[in-house]
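A.B. asks: Before anything else, here's the structure in question.
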Amino acid sequence: MIFRVRATLAFFPLALFLILAFNAPPSAHGQEGGAPGASPVADGEASSPGADGSGLEPTAPAAPGEAANPLPPADAVSPSQEESAPPAAANSPEEETGGESDSAGDAPALEPTAGDGADARPEPQEDSALTPMMADDLASEGARLDGLGLYAQALIQYENLVAARTALVGPENALTLEARALYASALLKAGYIPEAIESFAELYPLILRSDEAEQFSPLAMRAKDAWSLSLLYDDRDQEARDSFAEAYQERRGYLGNDDPETMIARRGLVMSLRQLGELKSEDVQALREVFASQKALLGEMDPETLETEHQLAYTLYEFGGKLITPDAEAEVRDLLQNALDNRKKIYGEIHPNVSETMAIFGIIEQSKGDYEASLQTFLKVSEIEGKTLGPDHPWSVNSYLILAYTEKTLGNLDGAKGYYERALESRLRFFGGETAKTVEARHMLANFLYGSLNDSDRAIKLLIECLGWQEKSLGPESVETLRTLSDLAAIYDQVGNYDDAKGILERVLKARTKILGPDHAETLIINNRLAFHQILEGNLQKARALYEDLLSKSLDALGPENEETLDIQVSLGLILTDSEENADLLRARELIEKAYAVLVSLHGPDYPSALASQYYLTRVYYKLGEKNMALCVAQEVLADQERVLGDSSPETVSTRAQLSFLYLDQNMSQEALPLLERLVKDHTQYYGADDARTLITRGELATAYRVLGERSKAKDIYLALLKDLERLRGDRDPQTTKIRNQLALVF
């Protein structure tokens, strides 16, 4: 068995939780450019700091100024939600904008209506029935719904507003362009990322062409920021970084470093760098400076200030990683708590911007291992999202996935399965069929079904469904297609379908070598797994030579602390464990112990690969004659794997089998008995009743009963096993003969 069969789709590592957001407060430049009374995004229509175009998706999108909702893991990266300020009263286009609406803090607790009617948008009114006042009413209602976080309903109002403005004043009038900006922002917040990107791509050139102040008008800057955010939410991180960097440099030169619009672009740049994993200490300091300037210029309760406070807290947390100091963590918690308290004052208890900040607390709780507290936090987050965004909104689905991971970690596999299935069903409804997002959810469900429930049949079916869409839509050599193939091969390996697994891995290796080169990490991963097949085929010397070569290449290309290097190092140690030479066994011990120490230093003792290393060490210790050491380590590993991975994961089952063997080897049948009883169930479910591993375990269970004097139980098991062996292998097979002889001992 190789050290670690990679499930290339990670279950929500914290690095995958993308918390993005942007707010769009009124510009400090008053009414520069545009029609009289035009505000940053749609002054006069529905001046709402959060309604100027921002994005959303799996995490929590928002207008160029909304807060973000954490996404999960994985491969599942998604946007955040904007920090929209309380809706402003919708004034007539000719009136001065900026009128404050009732505080969302007084908003009533909403019922789950956010998603109602999202796909049934009313037709725009006939031109003959339109009046400016009707358009103002649409703007006002859109702003009200937007401010309450009911983005799908606001989208309907803004869609009709665009139609009304177009009919009343023409398609390129400033008021129409402002309405289109509100509509594009609502698309982002309602989860329609590709449509939002397309809308901003069409809108921004029109604004530049019509606006006297060009790119430095409030509307143009807000549209630019929202467009950049939408790229970030669409995982086009480098494009987003370049766009924010360009905007920041231009505004710093034209408006000055302390201008509110310059600060928005600077914050967006730091967010994109964070998503790319390119954060440096000076970037964190830049965000601190933005926060300090906004507090001084806009005030502590301004939505933009709160958004930056939220982003600063998350950035500090991400920058510190798992090694964050207690003082730094205290600062993060203080910033988040202040942002949460103030957001509740502005928006009320039930609002996406509130749930987004709550979610960061849930992430921190997970990182500290307090999954029960994290579960309760995300249940509250999910409740708020259901009441405001609706059950199928991308941010709601992100929370389902986080809850699924949390429930899985806590050992509630039925609960986890329910959330994974709900996520897939919601994405299918929201996107109306197969898309990259539905395939992602299907892939996550497949990995869970196999990794935690041993449901290999359904997992294989789901992965094959993923492949059908990926090969057709993305191509046979796309990253996503190759990842799914790799996961499918991993399952085939685990269930003993080695020929199909090897064929798939050879296909993946050919593609990765062509695209990435022979020494790339992803290519080395596949070579590592193919080397395992040399072991299966009995070519131990060839396998050893391959692993020696792979380890040398990986050390040079990836370094000694790279996880693939460690994987190869442990795999080589396992091959050496099968040797009878003491020097080989000592080297095996050294290789695996060093790998284990590095994994613990990087990820902690509960990291699955660290636990796997300990499991493999029990085999080395046993071969070296250190049987008590092997037994003690196996006991420790089994307890940790049951707690961390669940009591039916493949890794847990393997360790349970190893521990039962060690007990039997030391004549500790009483201790082995409960393990063997559980293993018979595990192996039957996992491999099938007629698999050799299941049959062997049944024989060991019968022998344990016999040794303990429970002859009747032993007799029943031996008789049933003998009947199966005669059916499967014939009555002269050595294993059949062995069980027949053992049966004679209990008569």
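Chain labels run A, B, ... following the order of the structure tokens; each chain numbers its residues from 1, and ligands are numbered from 1 in the order shown.
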So that I can check the surroundings of range 257-274 of chain A, please list as number ranges by chain every protein, DNA and RNA residue that reaches within 7 Å of it, counting only C-alpha atoms and ignoring chain neighbours fewer than 4 positions away.

C.D. replies: A: 20, 27-28, 225, 232, 237, 240-241, 244-245, 247-248, 251-252, 278-279, 283, 287, 290, 293

A.B. asks: Please write the residues from the selection above to a file, keeping all heavy atoms, as a compact mmCIF listing (two decimals), in the first residue's frame.

C.D. replies:
# COMPACT_ATOMS: atom_id res chain seq x y z
N LEU A 20 -14.12 37.44 0.63
CA LEU A 20 -13.89 38.65 -0.13
C LEU A 20 -15.04 39.61 0.06
O LEU A 20 -16.15 39.20 0.26
CB LEU A 20 -13.77 38.32 -1.62
CG LEU A 20 -12.74 37.23 -1.91
CD1 LEU A 20 -12.84 36.86 -3.37
CD2 LEU A 20 -11.36 37.75 -1.60
N SER A 27 -18.95 58.59 -2.76
CA SER A 27 -17.64 59.11 -3.11
C SER A 27 -17.39 60.44 -2.44
O SER A 27 -18.29 61.25 -2.28
CB SER A 27 -17.57 59.27 -4.63
OG SER A 27 -16.42 59.98 -4.98
N ALA A 28 -16.14 60.66 -2.09
CA ALA A 28 -15.78 61.92 -1.46
C ALA A 28 -15.74 63.05 -2.47
O ALA A 28 -15.54 64.20 -2.13
CB ALA A 28 -14.42 61.79 -0.79
N ASP A 225 -14.19 48.78 -9.90
CA ASP A 225 -13.93 47.97 -8.71
C ASP A 225 -14.81 46.72 -8.69
O ASP A 225 -14.34 45.63 -8.35
CB ASP A 225 -14.18 48.79 -7.44
CG ASP A 225 -13.17 49.92 -7.27
OD1 ASP A 225 -12.08 49.81 -7.85
OD2 ASP A 225 -13.49 50.89 -6.57
N LEU A 232 -12.31 38.29 -9.41
CA LEU A 232 -11.77 37.57 -8.26
C LEU A 232 -12.72 36.45 -7.83
O LEU A 232 -12.29 35.34 -7.52
CB LEU A 232 -11.55 38.55 -7.11
CG LEU A 232 -10.68 38.08 -5.95
CD1 LEU A 232 -9.29 37.71 -6.42
CD2 LEU A 232 -10.60 39.16 -4.89
N ASP A 237 -7.90 35.16 -10.54
CA ASP A 237 -7.23 35.94 -9.50
C ASP A 237 -6.16 36.88 -10.05
O ASP A 237 -6.02 38.01 -9.58
CB ASP A 237 -6.59 34.98 -8.48
CG ASP A 237 -7.61 34.03 -7.88
OD1 ASP A 237 -8.78 34.42 -7.76
OD2 ASP A 237 -7.23 32.90 -7.55
N ALA A 240 -7.76 39.84 -11.65
CA ALA A 240 -8.29 40.73 -10.61
C ALA A 240 -7.16 41.53 -9.97
O ALA A 240 -7.27 42.75 -9.76
CB ALA A 240 -9.03 39.92 -9.56
N ARG A 241 -6.06 40.84 -9.65
CA ARG A 241 -4.92 41.54 -9.05
C ARG A 241 -4.41 42.65 -9.97
O ARG A 241 -4.18 43.79 -9.52
CB ARG A 241 -3.79 40.54 -8.79
CG ARG A 241 -2.50 41.17 -8.25
CD ARG A 241 -1.32 40.24 -8.44
NE ARG A 241 -1.11 39.94 -9.85
CZ ARG A 241 -0.34 38.94 -10.29
NH1 ARG A 241 0.27 38.14 -9.43
NH2 ARG A 241 -0.18 38.75 -11.58
N PHE A 244 -6.96 45.61 -10.03
CA PHE A 244 -6.91 46.42 -8.81
C PHE A 244 -5.59 47.21 -8.73
O PHE A 244 -5.59 48.36 -8.29
CB PHE A 244 -7.04 45.53 -7.57
CG PHE A 244 -8.46 45.20 -7.21
CD1 PHE A 244 -8.87 43.88 -7.10
CD2 PHE A 244 -9.38 46.20 -6.97
CE1 PHE A 244 -10.17 43.55 -6.75
CE2 PHE A 244 -10.69 45.90 -6.62
CZ PHE A 244 -11.09 44.57 -6.52
N ALA A 245 -4.51 46.57 -9.12
CA ALA A 245 -3.22 47.27 -9.08
C ALA A 245 -3.22 48.47 -10.01
O ALA A 245 -2.72 49.56 -9.65
CB ALA A 245 -2.09 46.30 -9.47
N ALA A 247 -5.88 50.18 -11.00
CA ALA A 247 -6.77 51.20 -10.43
C ALA A 247 -6.09 51.92 -9.27
O ALA A 247 -6.20 53.16 -9.15
CB ALA A 247 -8.07 50.55 -9.97
N TYR A 248 -5.39 51.19 -8.43
CA TYR A 248 -4.73 51.81 -7.29
C TYR A 248 -3.65 52.79 -7.73
O TYR A 248 -3.57 53.92 -7.22
CB TYR A 248 -4.12 50.72 -6.39
CG TYR A 248 -3.26 51.26 -5.28
CD1 TYR A 248 -3.78 52.19 -4.37
CD2 TYR A 248 -1.94 50.87 -5.14
CE1 TYR A 248 -2.98 52.70 -3.35
CE2 TYR A 248 -1.14 51.37 -4.13
CZ TYR A 248 -1.66 52.28 -3.23
OH TYR A 248 -0.87 52.79 -2.24
N ARG A 251 -5.34 55.96 -9.34
CA ARG A 251 -6.04 56.82 -8.38
C ARG A 251 -5.06 57.48 -7.42
O ARG A 251 -5.26 58.63 -7.01
CB ARG A 251 -7.08 56.00 -7.61
CG ARG A 251 -8.22 55.54 -8.48
CD ARG A 251 -9.20 54.67 -7.73
NE ARG A 251 -10.02 53.89 -8.64
CZ ARG A 251 -10.92 53.01 -8.25
NH1 ARG A 251 -11.12 52.78 -6.96
NH2 ARG A 251 -11.63 52.34 -9.15
N ARG A 252 -4.02 56.74 -7.04
CA ARG A 252 -3.04 57.35 -6.13
C ARG A 252 -2.39 58.56 -6.79
O ARG A 252 -2.15 59.58 -6.14
CB ARG A 252 -1.98 56.31 -5.75
CG ARG A 252 -0.99 56.84 -4.72
CD ARG A 252 -0.08 55.75 -4.21
NE ARG A 252 0.75 55.18 -5.25
CZ ARG A 252 1.76 54.33 -5.02
NH1 ARG A 252 2.03 53.95 -3.79
NH2 ARG A 252 2.47 53.85 -6.02
N GLU A 278 0.03 35.43 -2.25
CA GLU A 278 1.21 36.27 -2.45
C GLU A 278 1.34 37.37 -1.41
O GLU A 278 2.06 38.35 -1.61
CB GLU A 278 1.17 36.90 -3.85
CG GLU A 278 1.20 35.87 -4.98
CD GLU A 278 1.07 36.51 -6.36
OE1 GLU A 278 0.88 37.75 -6.41
OE2 GLU A 278 1.17 35.79 -7.36
N LEU A 279 0.64 37.22 -0.28
CA LEU A 279 0.68 38.26 0.75
C LEU A 279 2.08 38.40 1.34
O LEU A 279 2.76 37.42 1.61
CB LEU A 279 -0.28 37.92 1.88
CG LEU A 279 -1.75 38.36 1.76
CD1 LEU A 279 -2.50 37.91 2.98
CD2 LEU A 279 -1.87 39.85 1.56
N ASP A 283 1.91 44.18 2.60
CA ASP A 283 0.52 44.20 2.16
C ASP A 283 -0.42 44.26 3.37
O ASP A 283 -1.44 44.96 3.34
CB ASP A 283 0.21 42.96 1.32
CG ASP A 283 1.10 42.86 0.10
OD1 ASP A 283 1.31 43.89 -0.57
OD2 ASP A 283 1.60 41.75 -0.18
N LEU A 287 -3.13 47.33 4.43
CA LEU A 287 -4.53 47.22 4.85
C LEU A 287 -4.75 47.88 6.20
O LEU A 287 -5.81 48.47 6.46
CB LEU A 287 -4.94 45.75 4.89
CG LEU A 287 -6.43 45.46 4.77
CD1 LEU A 287 -7.03 46.10 3.53
CD2 LEU A 287 -6.67 43.95 4.76
N VAL A 290 -5.13 51.52 5.40
CA VAL A 290 -6.46 51.82 4.84
C VAL A 290 -7.49 51.89 5.96
O VAL A 290 -8.31 52.81 6.01
CB VAL A 290 -6.85 50.74 3.81
CG1 VAL A 290 -8.32 50.91 3.41
CG2 VAL A 290 -5.97 50.83 2.57
N SER A 293 -7.06 55.09 8.02
CA SER A 293 -7.49 56.27 7.26
C SER A 293 -9.00 56.34 7.15
O SER A 293 -9.60 57.42 7.26
CB SER A 293 -6.87 56.25 5.86
OG SER A 293 -5.46 56.34 5.93

A.B. asks: In Å, with one decimal, what is the gap from CA of Arg333 in chain A to CA of Lys280 in chain A?

C.D. replies: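 About the pair CA of Arg333 in chain A and CA of Lys280 in chain A: they are 21.1 Å apart.
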
A.B. asks: Mind checking which residues fall within 8 Å of Thr166 in chain A, counting only C-alpha atoms, ignoring those fewer than 6 positions away in the same chain, and posting them as a ChimeraX atom specification?

C.D. replies: /A:172-173,176

A.B. asks: May I have all residues of range 273-503 of chain A that DSSP, computed from the backbone, assigns to alpha helix (DSSP H), given as number ranges by chain?

C.D. replies: A: 273-276, 281-297, 303-320, 326-347, 352-367, 371-388, 394-409, 413-431, 436-453, 456-473, 479-494, 498-503

A.B. asks: For Asn454 in chain A, list every protein, DNA or RNA residue within 9 Å, evaluated using only C-alpha atoms, and leave out those in the same chain fewer than 5 positions away; present the list as an mmCIF file with N, CA, C and O atoms, in the first residue's frame.

C.D. replies:
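New file result.cif:
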data_model
loop_
_atom_site.group_PDB
_atom_site.id
_atom_site.type_symbol
_atom_site.label_atom_id
_atom_site.label_comp_id
_atom_site.auth_asym_id
_atom_site.auth_seq_id
_atom_site.Cartn_x
_atom_site.Cartn_y
_atom_site.Cartn_z
ATOM 1 N N PHE A 448 -16.485 12.010 -0.360
ATOM 2 C CA PHE A 448 -16.996 11.716 0.982
ATOM 3 C C PHE A 448 -17.569 10.305 1.047
ATOM 4 O O PHE A 448 -17.306 9.549 1.990
ATOM 5 N N LEU A 449 -18.366 9.936 0.054
ATOM 6 C CA LEU A 449 -18.996 8.611 0.064
ATOM 7 C C LEU A 449 -17.948 7.516 0.108
ATOM 8 O O LEU A 449 -18.112 6.504 0.806
ATOM 9 N N ALA A 459 -19.655 6.214 -5.362
ATOM 10 C CA ALA A 459 -18.585 7.194 -5.597
ATOM 11 C C ALA A 459 -18.048 7.066 -7.016
ATOM 12 O O ALA A 459 -17.835 8.079 -7.707
ATOM 13 N N SER A 648 -14.896 4.403 10.382
ATOM 14 C CA SER A 648 -15.023 3.505 9.232
ATOM 15 C C SER A 648 -14.234 3.983 8.022
ATOM 16 O O SER A 648 -14.429 3.469 6.926
ATOM 17 N N SER A 649 -13.348 4.937 8.206
ATOM 18 C CA SER A 649 -12.525 5.382 7.085
ATOM 19 C C SER A 649 -11.559 4.262 6.689
ATOM 20 O O SER A 649 -11.214 3.410 7.515
ATOM 21 N N PRO A 650 -11.107 4.228 5.426
ATOM 22 C CA PRO A 650 -10.169 3.172 5.008
ATOM 23 C C PRO A 650 -8.918 3.122 5.875
ATOM 24 O O PRO A 650 -8.424 2.038 6.205
ATOM 25 N N ASP A 682 -16.545 -4.413 8.670
ATOM 26 C CA ASP A 682 -15.864 -3.440 7.813
ATOM 27 C C ASP A 682 -15.470 -4.054 6.469
ATOM 28 O O ASP A 682 -15.731 -3.485 5.406
ATOM 29 N N GLN A 685 -18.428 -4.915 4.200
ATOM 30 C CA GLN A 685 -18.987 -3.726 3.564
ATOM 31 C C GLN A 685 -18.030 -3.144 2.534
ATOM 32 O O GLN A 685 -18.438 -2.720 1.448
ATOM 33 N N TYR A 686 -16.760 -3.169 2.870
ATOM 34 C CA TYR A 686 -15.767 -2.464 2.065
ATOM 35 C C TYR A 686 -15.313 -3.270 0.853
ATOM 36 O O TYR A 686 -15.197 -2.740 -0.252
#

A.B. asks: Hey, can you check how far CA of Gly432 in chain A sits from CA of Leu375 in chain A?

C.D. replies: 29.6 Å

A.B. asks: Within 12 Å of Ala339 in chain A, counting only C-alpha atoms, which residues qualify if same-chain residues fewer than 6 places away don't, as an NGL selection string?

C.D. replies: :A and (67 or 83 or 291 or 300-314 or 332-333 or 345-347 or 353-358 or 360-361)

A.B. asks: To one decimal place, how far is CA of Asn741 in chain A from CA of Leu676 in chain A in Å?

C.D. replies: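 Separation of CA of Asn741 in chain A and CA of Leu676 in chain A: 20.8 Å.
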
A.B. asks: Using only C-alpha atoms for the distances, tell me which of A:Gln658, A:Gln294, A:Gln275, A:Thr523 is nearest to Arg619 in chain A.

C.D. replies: A:Gln658

A.B. asks: If we count only C-alpha atoms, what is near Leu145 in chain A at a cut-off of 9 Å, once residues fewer than 5 positions away on the same chain are taken out, given as a PyMOL selection string?

C.D. replies: chain A and resi 87+140+150-155+157

A.B. asks: Considering only C-alpha atoms, return as a short mmCIF file (atom, residue, chain, number, x, y, z; two decimals) with N, CA, C and O atoms, in the first residue's frame whatever protein or nucleic-acid residues lie within 8 Å of Leu467 in chain A, sequence-local ones (same chain, fewer than 6 positions apart) excluded.

C.D. replies:
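Dumped to result28.cif:
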data_model
loop_
_atom_site.label_atom_id
_atom_site.label_comp_id
_atom_site.auth_asym_id
_atom_site.auth_seq_id
_atom_site.Cartn_x
_atom_site.Cartn_y
_atom_site.Cartn_z
N THR A 481 -10.38 17.52 -15.35
CA THR A 481 -10.56 16.16 -15.85
C THR A 481 -9.49 15.22 -15.29
O THR A 481 -9.79 14.11 -14.83
N THR A 484 -10.12 14.40 -11.61
CA THR A 484 -11.17 13.40 -11.42
C THR A 484 -10.68 12.01 -11.80
O THR A 484 -10.97 11.02 -11.11
N LEU A 485 -9.93 11.92 -12.88
CA LEU A 485 -9.35 10.63 -13.26
C LEU A 485 -8.44 10.10 -12.16
O LEU A 485 -8.46 8.90 -11.84
#
